[in-house]
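Shown next: my_file-v4.cif, containing mmCIF, C-alpha atoms.
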data_data
loop_
_atom_site.label_atom_id
_atom_site.label_comp_id
_atom_site.auth_asym_id
_atom_site.auth_seq_id
_atom_site.Cartn_x
_atom_site.Cartn_y
_atom_site.Cartn_z
CA MET A 1 0.00 0.00 0.00
CA ASP A 2 1.20 3.52 -0.76
CA ALA A 3 2.65 5.56 2.03
CA ALA A 4 0.46 8.36 3.32
CA PRO A 5 1.10 11.77 1.81
CA GLN A 6 3.32 13.96 3.99
CA SER A 7 1.90 17.33 3.05
CA ARG A 8 -1.64 18.44 2.32
CA LEU A 9 -3.36 21.70 1.66
CA PRO A 10 -5.66 22.96 4.42
CA GLY A 11 -8.90 20.99 4.30
CA GLU A 12 -7.52 18.57 1.72
CA LEU A 13 -8.75 14.98 1.44
CA ALA A 14 -6.69 12.40 3.31
CA THR A 15 -5.95 10.57 0.06
CA GLY A 16 -3.69 13.41 -0.97
CA ALA A 17 -6.18 14.52 -3.59
CA PRO A 18 -5.69 18.13 -4.62
CA LEU A 19 -9.24 19.01 -3.62
CA ALA A 20 -10.70 21.13 -0.89
CA ALA A 21 -13.14 19.57 1.54
CA PRO A 22 -16.69 19.69 0.10
CA THR A 23 -17.86 21.84 3.02
CA SER A 24 -15.21 24.52 2.53
CA ALA A 25 -15.75 28.02 1.18
CA GLU A 26 -13.76 27.03 -1.90
CA ALA A 27 -16.19 24.22 -2.64
CA ARG A 28 -19.23 26.44 -2.16
CA SER A 29 -18.06 28.66 -5.03
CA ASP A 30 -18.82 25.77 -7.37
CA PRO A 31 -22.60 25.54 -7.89
CA GLY A 32 -22.17 21.89 -8.81
CA GLY A 33 -20.93 21.20 -5.30
CA PHE A 34 -17.60 19.63 -6.23
CA SER A 35 -14.51 20.97 -4.55
CA HIS A 36 -11.46 22.52 -6.13
CA VAL A 37 -8.23 24.30 -5.26
CA LEU A 38 -7.94 28.04 -5.85
CA PRO A 39 -4.55 28.19 -7.63
CA LEU A 40 -5.77 25.72 -10.22
CA ASP A 41 -8.44 28.24 -11.17
CA GLY A 42 -5.55 30.64 -11.73
CA ILE A 43 -3.78 28.10 -13.96
CA ARG A 44 -6.95 27.80 -16.00
CA GLY A 45 -7.18 31.58 -16.20
CA LEU A 46 -3.65 31.87 -17.58
CA ALA A 47 -4.34 29.12 -20.10
CA VAL A 48 -7.45 30.79 -21.48
CA MET A 49 -5.75 34.17 -21.80
CA LEU A 50 -2.83 32.65 -23.72
CA THR A 51 -5.32 30.99 -26.05
CA VAL A 52 -7.33 34.18 -26.55
CA ALA A 53 -4.12 36.07 -27.34
CA ASN A 54 -3.19 33.44 -29.89
CA HIS A 55 -6.46 33.90 -31.74
CA LEU A 56 -7.17 37.62 -31.37
CA LEU A 57 -3.77 39.32 -31.51
CA LEU A 58 -3.57 39.15 -35.31
CA THR A 59 -1.70 41.20 -37.91
CA ASN A 60 -0.33 40.95 -41.42
CA ASN A 61 3.40 40.90 -42.13
CA HIS A 62 4.87 44.27 -41.26
CA PRO A 63 8.44 45.63 -41.11
CA SER A 64 7.88 47.09 -37.62
CA LEU A 65 10.19 45.49 -35.04
CA PHE A 66 7.46 45.82 -32.40
CA ILE A 67 4.94 43.91 -34.51
CA THR A 68 7.55 41.32 -35.45
CA ILE A 69 8.30 40.61 -31.79
CA LEU A 70 4.62 40.64 -30.87
CA THR A 71 3.83 38.21 -33.68
CA SER A 72 6.63 35.88 -32.55
CA VAL A 73 5.15 35.88 -29.06
CA ARG A 74 1.61 35.39 -30.33
CA ILE A 75 2.39 32.34 -32.44
CA SER A 76 3.90 30.75 -29.32
CA THR A 77 0.80 31.18 -27.19
CA TRP A 78 -0.63 27.85 -28.35
CA LEU A 79 1.16 26.80 -25.14
CA GLY A 80 -2.09 27.73 -23.42
CA VAL A 81 -3.65 24.64 -25.01
CA ASP A 82 -0.99 22.40 -23.44
CA LEU A 83 -1.56 24.03 -20.07
CA PHE A 84 -5.28 23.31 -20.44
CA LEU A 85 -4.59 19.69 -21.37
CA ALA A 86 -2.20 19.03 -18.49
CA LEU A 87 -4.61 20.59 -16.01
CA SER A 88 -7.53 18.61 -17.41
CA GLY A 89 -5.62 15.33 -17.18
CA PHE A 90 -4.55 16.18 -13.65
CA LEU A 91 -8.04 17.02 -12.42
CA ILE A 92 -10.10 14.29 -14.04
CA THR A 93 -7.61 11.58 -13.08
CA GLY A 94 -7.64 12.74 -9.48
CA ILE A 95 -11.43 12.75 -9.46
CA LEU A 96 -11.63 9.31 -11.06
CA PHE A 97 -9.02 7.70 -8.83
CA ASP A 98 -10.46 9.12 -5.62
CA SER A 99 -13.98 7.97 -6.53
CA LEU A 100 -13.12 4.38 -7.47
CA HIS A 101 -14.83 3.09 -4.33
CA SER A 102 -17.85 5.34 -4.81
CA PRO A 103 -21.00 3.71 -6.24
CA HIS A 104 -21.54 4.45 -9.92
CA CYS A 105 -18.25 6.33 -10.21
CA LEU A 106 -18.19 6.20 -14.03
CA ARG A 107 -21.82 7.23 -14.32
CA ASN A 108 -21.19 10.16 -12.02
CA PHE A 109 -18.02 11.16 -13.83
CA TYR A 110 -19.62 11.15 -17.27
CA GLY A 111 -22.77 12.82 -15.97
CA ARG A 112 -20.81 15.67 -14.44
CA ARG A 113 -18.57 16.07 -17.50
CA ALA A 114 -21.59 16.12 -19.79
CA LEU A 115 -23.28 18.81 -17.74
CA ARG A 116 -20.13 20.92 -17.82
CA ILE A 117 -19.28 20.61 -21.50
CA LEU A 118 -22.23 19.66 -23.67
CA PRO A 119 -24.90 22.32 -22.95
CA LEU A 120 -22.65 25.25 -23.84
CA TYR A 121 -20.98 23.44 -26.72
CA TYR A 122 -24.25 22.60 -28.45
CA LEU A 123 -25.65 26.05 -27.72
CA ALA A 124 -22.63 27.44 -29.57
CA LEU A 125 -23.42 25.20 -32.56
CA VAL A 126 -27.02 26.44 -32.55
CA VAL A 127 -25.82 30.05 -32.45
CA LEU A 128 -23.41 29.35 -35.32
CA GLY A 129 -26.27 27.83 -37.27
CA LEU A 130 -28.35 30.95 -36.77
CA LEU A 131 -25.43 33.20 -37.72
CA SER A 132 -24.81 31.30 -40.92
CA PHE A 133 -27.98 32.75 -42.45
CA PRO A 134 -27.26 36.50 -42.13
CA LEU A 135 -23.57 35.87 -42.88
CA HIS A 136 -24.48 33.80 -45.97
CA MET A 137 -22.11 31.05 -44.86
CA HIS A 138 -22.67 27.37 -45.49
CA TRP A 139 -21.74 24.33 -43.42
CA ASN A 140 -20.99 22.29 -46.54
CA GLY A 141 -22.01 19.11 -44.76
CA PHE A 142 -19.55 19.45 -41.90
CA GLY A 143 -22.04 20.27 -39.18
CA TRP A 144 -22.18 16.60 -38.24
CA VAL A 145 -18.40 16.55 -37.78
CA LEU A 146 -18.70 19.28 -35.15
CA ALA A 147 -21.73 17.66 -33.55
CA THR A 148 -19.89 14.35 -33.12
CA PHE A 149 -16.56 15.82 -31.93
CA LEU A 150 -14.55 14.74 -34.94
CA GLN A 151 -13.13 18.12 -35.91
CA ASN A 152 -9.61 17.14 -34.85
CA THR A 153 -9.50 14.25 -37.31
CA PRO A 154 -8.77 14.06 -41.07
CA LEU A 155 -12.55 14.18 -41.64
CA TRP A 156 -12.19 17.86 -40.75
CA PHE A 157 -8.83 19.17 -41.86
CA ASN A 158 -8.44 17.06 -45.03
CA ARG A 159 -11.88 17.90 -46.41
CA PRO A 160 -12.09 18.45 -50.18
CA VAL A 161 -14.58 21.35 -50.04
CA PRO A 162 -14.24 24.72 -48.29
CA TYR A 163 -15.93 25.45 -44.99
CA PRO A 164 -16.67 29.19 -44.68
CA LEU A 165 -17.53 29.06 -40.97
CA GLU A 166 -14.14 27.66 -40.03
CA PRO A 167 -12.78 31.01 -38.71
CA LEU A 168 -15.53 30.89 -36.09
CA THR A 169 -15.07 27.24 -35.09
CA GLY A 170 -11.35 26.57 -35.50
CA HIS A 171 -10.76 26.51 -31.74
CA LEU A 172 -13.35 23.84 -30.92
CA TRP A 173 -10.99 20.98 -31.83
CA THR A 174 -9.58 21.00 -28.28
CA ILE A 175 -13.01 20.15 -26.90
CA ALA A 176 -13.17 17.21 -29.31
CA LEU A 177 -9.71 16.10 -28.15
CA GLU A 178 -10.83 15.97 -24.53
CA GLU A 179 -14.10 14.24 -25.34
CA GLN A 180 -12.18 11.52 -27.18
CA PHE A 181 -9.81 11.19 -24.22
CA TYR A 182 -12.82 10.59 -21.97
CA LEU A 183 -13.75 7.56 -24.07
CA PHE A 184 -10.74 5.50 -23.01
CA TRP A 185 -8.86 6.93 -20.02
CA PRO A 186 -11.67 6.70 -17.42
CA MET A 187 -12.22 3.10 -18.49
CA LEU A 188 -8.53 2.34 -17.96
CA VAL A 189 -8.57 3.95 -14.52
CA VAL A 190 -11.58 1.86 -13.46
CA LEU A 191 -10.22 -1.36 -14.96
CA ILE A 192 -6.62 -1.08 -13.72
CA ARG A 193 -7.26 0.72 -10.42
CA ASP A 194 -3.69 0.24 -9.22
CA ARG A 195 -1.97 3.63 -8.88
CA ARG A 196 1.51 2.53 -9.93
CA ARG A 197 0.27 0.58 -12.92
CA LEU A 198 -1.77 3.54 -14.06
CA MET A 199 1.33 5.75 -13.78
CA THR A 200 3.22 3.26 -15.96
CA VAL A 201 0.41 3.22 -18.52
CA ALA A 202 0.32 7.03 -18.61
CA LEU A 203 4.07 7.26 -19.23
CA THR A 204 4.02 4.48 -21.81
CA LEU A 205 1.22 6.08 -23.81
CA SER A 206 3.02 9.43 -23.58
CA ILE A 207 6.12 7.86 -25.12
CA VAL A 208 3.92 6.37 -27.85
CA ALA A 209 2.59 9.86 -28.63
CA VAL A 210 6.13 11.27 -28.95
CA GLY A 211 7.21 8.40 -31.18
CA LEU A 212 4.16 8.78 -33.37
CA ARG A 213 4.81 12.50 -33.84
CA ILE A 214 8.47 11.94 -34.66
CA ALA A 215 7.49 9.34 -37.27
CA ILE A 216 4.94 11.69 -38.84
CA VAL A 217 7.44 14.57 -38.99
CA ALA A 218 10.14 12.27 -40.42
CA HIS A 219 7.78 11.21 -43.22
CA GLY A 220 6.68 14.76 -44.04
CA GLY A 221 3.20 14.44 -42.57
CA SER A 222 0.93 17.41 -42.04
CA PRO A 223 1.37 19.36 -38.78
CA GLN A 224 -2.42 19.21 -38.49
CA TYR A 225 -2.01 15.55 -37.53
CA THR A 226 0.60 16.12 -34.85
CA TYR A 227 -1.15 19.20 -33.44
CA LYS A 228 -4.76 18.08 -33.31
CA MET A 229 -5.13 14.30 -33.26
CA LEU A 230 -5.53 12.57 -29.90
CA PRO A 231 -2.91 9.83 -30.47
CA CYS A 232 -0.34 12.58 -31.10
CA ARG A 233 -1.41 14.91 -28.26
CA MET A 234 -2.45 12.51 -25.52
CA ASP A 235 0.86 13.04 -23.70
CA GLY A 236 -0.34 16.48 -22.60
CA LEU A 237 -3.32 14.94 -20.83
CA LEU A 238 -1.49 11.85 -19.62
CA LEU A 239 1.43 13.68 -18.02
CA GLY A 240 -1.08 15.69 -16.02
CA ALA A 241 -2.75 12.38 -15.14
CA TRP A 242 0.62 10.96 -14.04
CA LEU A 243 1.14 13.91 -11.70
CA ALA A 244 -2.29 13.41 -10.12
CA LEU A 245 -1.47 9.76 -9.44
CA ALA A 246 2.04 10.56 -8.20
CA PHE A 247 0.58 13.12 -5.79
CA ARG A 248 -1.37 10.31 -4.18
CA GLY A 249 1.81 8.50 -3.19
CA PRO A 250 5.12 9.05 -1.40
CA LEU A 251 6.57 11.20 -4.21
CA ARG A 252 4.19 14.08 -3.54
CA VAL A 253 6.42 16.22 -1.33
CA ARG A 254 9.51 15.69 -3.47
CA LEU A 255 7.65 16.46 -6.67
CA ILE A 256 6.46 19.76 -5.20
CA GLN A 257 10.02 20.54 -4.10
CA TRP A 258 11.53 19.59 -7.47
CA SER A 259 8.86 21.18 -9.62
CA SER A 260 10.64 24.51 -10.09
CA LEU A 261 13.89 22.69 -10.94
CA ILE A 262 11.96 20.92 -13.70
CA PHE A 263 9.90 23.86 -14.92
CA PHE A 264 12.56 26.51 -15.44
CA PRO A 265 15.00 24.44 -17.57
CA LEU A 266 12.11 23.27 -19.77
CA ALA A 267 10.80 26.82 -20.07
CA LEU A 268 14.31 27.94 -21.01
CA ILE A 269 14.47 25.32 -23.77
CA LEU A 270 11.16 26.55 -25.19
CA PHE A 271 12.29 30.17 -24.94
CA ALA A 272 15.62 29.47 -26.63
CA GLU A 273 13.96 27.56 -29.45
CA GLY A 274 11.39 30.30 -29.82
CA CYS A 275 14.16 32.88 -30.19
CA ARG A 276 15.95 30.71 -32.73
CA GLU A 277 12.84 30.14 -34.82
CA HIS A 278 11.31 33.62 -34.24
CA GLY A 279 8.39 32.04 -32.43
CA LEU A 280 7.19 28.51 -31.75
CA ASP A 281 4.96 28.11 -34.79
CA TRP A 282 3.31 24.68 -34.75
CA ARG A 283 2.46 25.03 -38.44
CA THR A 284 6.13 25.04 -39.53
CA SER A 285 8.37 23.93 -36.66
CA ALA A 286 9.72 20.38 -36.72
CA PHE A 287 10.89 20.89 -33.13
CA VAL A 288 7.38 21.73 -31.94
CA ASN A 289 5.75 18.89 -33.85
CA SER A 290 8.20 16.26 -32.62
CA ILE A 291 9.36 16.81 -29.04
CA GLY A 292 8.14 20.36 -28.45
CA TYR A 293 4.64 19.36 -27.36
CA THR A 294 6.03 16.95 -24.78
CA ILE A 295 8.42 19.58 -23.39
CA ALA A 296 5.49 22.00 -23.16
CA ALA A 297 3.37 19.33 -21.44
CA LEU A 298 6.12 18.56 -18.92
CA ALA A 299 6.61 22.26 -18.21
CA SER A 300 2.85 22.69 -17.77
CA THR A 301 2.72 19.73 -15.40
CA ALA A 302 5.63 21.10 -13.38
CA LEU A 303 3.91 24.50 -13.17
CA ILE A 304 0.80 22.83 -11.77
CA ALA A 305 2.94 21.11 -9.13
CA MET A 306 4.58 24.44 -8.25
CA THR A 307 1.21 25.88 -7.21
CA PHE A 308 1.04 23.31 -4.37
CA HIS A 309 4.10 24.76 -2.64
CA LEU A 310 2.47 26.39 0.38
CA GLY A 311 3.74 29.93 0.73
CA GLY A 312 5.53 29.78 -2.61
CA LEU A 313 5.52 32.67 -5.06
CA THR A 314 3.87 30.61 -7.81
CA ARG A 315 0.94 29.75 -5.57
CA LYS A 316 0.57 33.40 -4.56
CA ILE A 317 0.48 34.42 -8.23
CA PHE A 318 -2.16 31.89 -9.20
CA ILE A 319 -4.49 32.60 -6.30
CA HIS A 320 -4.72 36.21 -7.46
CA PRO A 321 -8.42 37.11 -7.81
CA CYS A 322 -8.03 38.24 -11.44
CA LEU A 323 -6.59 34.91 -12.58
CA ARG A 324 -9.14 33.00 -10.52
CA TRP A 325 -11.95 35.06 -12.07
CA LEU A 326 -10.68 34.21 -15.53
CA GLY A 327 -10.45 30.56 -14.56
CA ARG A 328 -14.00 30.46 -13.30
CA TYR A 329 -15.38 31.75 -16.60
CA SER A 330 -12.72 30.18 -18.82
CA TYR A 331 -14.96 27.69 -20.61
CA GLY A 332 -17.44 30.30 -21.78
CA ILE A 333 -14.64 32.69 -22.70
CA TYR A 334 -12.99 29.97 -24.73
CA VAL A 335 -16.12 28.83 -26.55
CA TRP A 336 -17.37 32.31 -27.46
CA HIS A 337 -14.18 34.27 -28.12
CA LEU A 338 -13.75 33.35 -31.79
CA ILE A 339 -17.44 33.26 -32.56
CA PHE A 340 -18.16 36.87 -31.60
CA ALA A 341 -14.83 38.70 -31.22
CA GLY A 342 -14.51 39.25 -34.97
CA PHE A 343 -17.61 41.43 -34.89
CA VAL A 344 -15.82 44.00 -32.70
CA ILE A 345 -12.16 43.64 -33.70
CA ALA A 346 -12.46 44.91 -37.28
CA PRO A 347 -14.59 47.98 -36.41
CA THR A 348 -12.20 48.83 -33.58
CA ARG A 349 -9.21 48.67 -35.89
CA HIS A 350 -10.92 50.90 -38.45
CA LEU A 351 -11.81 53.40 -35.73
CA VAL A 352 -8.24 53.54 -34.38
CA ALA A 353 -6.89 53.86 -37.93
CA ARG A 354 -8.70 57.21 -38.20
CA PHE A 355 -6.48 58.59 -35.43
CA THR A 356 -3.18 56.81 -36.01
CA PRO A 357 -1.64 54.90 -38.92
CA GLY A 358 0.32 52.71 -36.51
CA LYS A 359 -0.43 49.04 -37.18
CA GLY A 360 0.70 48.09 -33.68
CA ALA A 361 -1.85 50.40 -32.06
CA GLN A 362 -4.61 49.09 -34.32
CA MET A 363 -3.69 45.48 -33.58
CA LEU A 364 -3.57 46.00 -29.81
CA ALA A 365 -6.83 47.99 -29.75
CA GLY A 366 -8.63 45.30 -31.74
CA ALA A 367 -7.27 42.54 -29.55
CA LEU A 368 -8.18 44.35 -26.34
CA THR A 369 -11.71 45.05 -27.55
CA GLY A 370 -12.16 41.47 -28.68
CA THR A 371 -10.82 40.19 -25.36
CA ALA A 372 -13.14 42.48 -23.38
CA ALA A 373 -16.11 41.24 -25.42
CA SER A 374 -15.04 37.64 -24.80
CA LEU A 375 -14.76 38.16 -21.04
CA LEU A 376 -18.19 39.77 -20.94
CA LEU A 377 -19.72 36.93 -22.94
CA GLY A 378 -18.04 34.35 -20.73
CA TYR A 379 -19.45 36.01 -17.61
CA ILE A 380 -22.96 36.30 -19.04
CA SER A 381 -22.85 32.77 -20.42
CA TYR A 382 -21.89 31.33 -17.04
CA HIS A 383 -24.53 33.09 -14.96
CA ALA A 384 -27.36 33.11 -17.48
CA TYR A 385 -26.94 29.60 -18.89
CA GLU A 386 -24.14 27.32 -17.68
CA VAL A 387 -24.83 27.59 -13.97
CA HIS A 388 -28.31 26.06 -14.36
CA PHE A 389 -26.76 22.88 -15.74
CA LEU A 390 -23.93 22.88 -13.21
CA ARG A 391 -26.46 22.78 -10.38
CA LEU A 392 -27.69 19.47 -11.77
CA LYS A 393 -24.35 17.93 -10.78
CA ARG A 394 -25.93 17.22 -7.41
CA PHE A 395 -27.65 14.27 -9.06
CA PHE A 396 -24.23 12.82 -9.82
CA ALA A 397 -22.55 13.37 -6.46
CA TYR A 398 -19.57 11.22 -5.47
CA ARG A 399 -20.25 9.28 -2.29
CA GLY A 400 -17.93 7.09 -0.31
#
Kindly present the structure from the file in structure tokens form.
Amino acid sequence: MDAAPQSRLPGELATGAPLAAPTSAEARSDPGGFSHVLPLDGIRGLAVMLTVANHLLLTNNHPSLFITILTSVRISTWLGVDLFLALSGFLITGILFDSLHSPHCLRNFYGRRALRILPLYYLALVVLGLLSFPLHMHWNGFGWVLATFLQNTPLWFNRPVPYPLEPLTGHLWTIALEEQFYLFWPMLVVLIRDRRRLMTVALTLSIVAVGLRIAIVAHGGSPQYTYKMLPCRMDGLLLGAWLALAFRGPLRVRLIQWSSLIFFPLALILFAEGCREHGLDWRTSAFVNSIGYTIAALASTALIAMTFHLGGLTRKIFIHPCLRWLGRYSYGIYVWHLIFAGFVIAPTRHLVARFTPGKGAQMLAGALTGTAASLLLGYISYHAYEVHFLRLKRFFAYRG
């Protein structure tokens, strides 16, 4: 049997799970009733802002040094996706492992996940369908691909006919990636049950993902495969899962202590490669499409571990109310930001252009306006729509 964890957060479950006690103030902030840890909200907030920057901070090629640097930074902010994936793997694996002895643990897990993801996702598809009429845009038969979470497969990105609504839906592939992950990983957790064996499986499958990406890059395969397909990106989720399992054993304290020694060298590698390539562009970089995603996933996992260092600077940063606010509304922000931001970005740029010819000012003004609109939509979406479904999680409560 595993040794008992040596360090827990205040109110944390005795299993070492990174969760607050269900009766705590932290837990009461979740209308679904399930507990969480504040700095992980901050991690989620950082991830969504990196992703929003990647999609909204757009400009054409320009000789300005400022815009060149800003563009190099922007094309590297896909790292927010890897932070999302590592955090998702960490959280769902912890939930699954800690509820193995709870009745109907799989039913409860899938019920809670469905209530969190599906209502807003399908509402977004309905809104897109309504928008397609005034915008005179056609689905070209690919609505069913979105509806069945297949937009990260060749059915989507190797299609022979154009899809005019793609600029509004290009970000939804990450939701498909997670939904596909839910089809096999929870089953493995329930079937294997043993913590150490699950850690071995997570690492083995992560190595398979790296090998698959290297093979695809070596044979000149499309970066769409290595960036979007689950077999190529499952290491991001699985390394987070490994950390959740490791935290429930004797390595917990040492992993928290070592996390900064792991994070900073990996971050330095990514920074150095980004400087060399003028940005970590997944569309062109062989480094990114081979080992880069794994380095990013390891760095993301280490950053998550750093937030559990009580009194540490990283934890203090990620419990900041602004980051936690962004984390709370991150799903709505993420879903809506590409769908509606374009309606305010272009007018803002045109307005700023009347006062200054500077492309940098126009780009920043458009991005800030689009971000503000996304935050507002995320807030409204949560309180007007999502929260009603989240309250239904009480019907899928985990019980010992």
Restrict the calculation to only C-alpha atoms, then for each residue of region 44-148 of chain A with any atom at most 9 Å from an atom of region 333-347 of chain A give the closest atom pair and their distance in Å to one decimal, rows by chain and rising residue number, as a Markdown table.
| residue | atom | partner | partner_atom | distance |
| --- | --- | --- | --- | --- |
| A:Val48 | CA | A:Tyr334 | CA | 6.5 |
| A:Met49 | CA | A:Tyr334 | CA | 8.9 |
| A:Thr51 | CA | A:Tyr334 | CA | 7.8 |
| A:Val52 | CA | A:His337 | CA | 7.0 |
| A:His55 | CA | A:Leu338 | CA | 7.3 |
| A:Leu56 | CA | A:Ala341 | CA | 7.7 |
| A:Leu120 | CA | A:Val335 | CA | 7.9 |
| A:Tyr121 | CA | A:Val335 | CA | 7.3 |
| A:Ala124 | CA | A:Val335 | CA | 7.3 |
| A:Val127 | CA | A:Ile339 | CA | 9.0 |
| A:Leu128 | CA | A:Ile339 | CA | 7.7 |
Checklist entry - Quick one: which residues end up in the PyMOL selection byres ((chain A and resi 172) around 12) for this structure, as a PyMOL selection string? => result chain A and resi 51+81+117+120-122+124-125+145-152+156+166-171+173-179+228+331-332+334-339
On this structure, the PyMOL selection byres ((chain A and resi 349-352) around 10) would catch which residues? List them as a short mmCIF file (atom, residue, chain, number, x, y, z; two decimals) with C-alpha atoms, in the frame of the given file, sorted by chain and number.
data_model
loop_
_atom_site.label_atom_id
_atom_site.label_comp_id
_atom_site.auth_asym_id
_atom_site.auth_seq_id
_atom_site.Cartn_x
_atom_site.Cartn_y
_atom_site.Cartn_z
CA VAL A 344 -15.82 44.00 -32.70
CA ILE A 345 -12.16 43.64 -33.70
CA ALA A 346 -12.46 44.91 -37.28
CA PRO A 347 -14.59 47.98 -36.41
CA THR A 348 -12.20 48.83 -33.58
CA ALA A 353 -6.89 53.86 -37.93
CA ARG A 354 -8.70 57.21 -38.20
CA PHE A 355 -6.48 58.59 -35.43
CA THR A 356 -3.18 56.81 -36.01
CA PRO A 357 -1.64 54.90 -38.92
CA GLY A 358 0.32 52.71 -36.51
CA LYS A 359 -0.43 49.04 -37.18
CA ALA A 361 -1.85 50.40 -32.06
CA GLN A 362 -4.61 49.09 -34.32
CA MET A 363 -3.69 45.48 -33.58
CA LEU A 364 -3.57 46.00 -29.81
CA ALA A 365 -6.83 47.99 -29.75
CA GLY A 366 -8.63 45.30 -31.74
CA ALA A 367 -7.27 42.54 -29.55
CA THR A 369 -11.71 45.05 -27.55
#
Next on the checklist: From the options A:Ala272, A:Val161, A:Ala202, A:Ala296, which residue's atoms come nearest to Leu83 (chain A), counting all atoms listed in the file?
Outcome noted: A:Ala296
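Here CA of Gly249 (chain A) is placed at a distance of 17.5 Å from CA of His101 (chain A).
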Next on the checklist: As a check of understanding, name the residues that the PyMOL selection byres ((chain A and resi 382) around 12) selects in the supplied structure, as an MDAnalysis selection string.
Outcome noted: chainID A and resid 30:31 116:117 119:120 325:336 375:381 383:391
Next on the checklist: One number please: CA of Glu277 (chain A) to CA of Val73 (chain A), in Å, one decimal.
Outcome noted: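 Answer for the CA of Glu277 (chain A) to CA of Val73 (chain A) separation: 11.2 Å.
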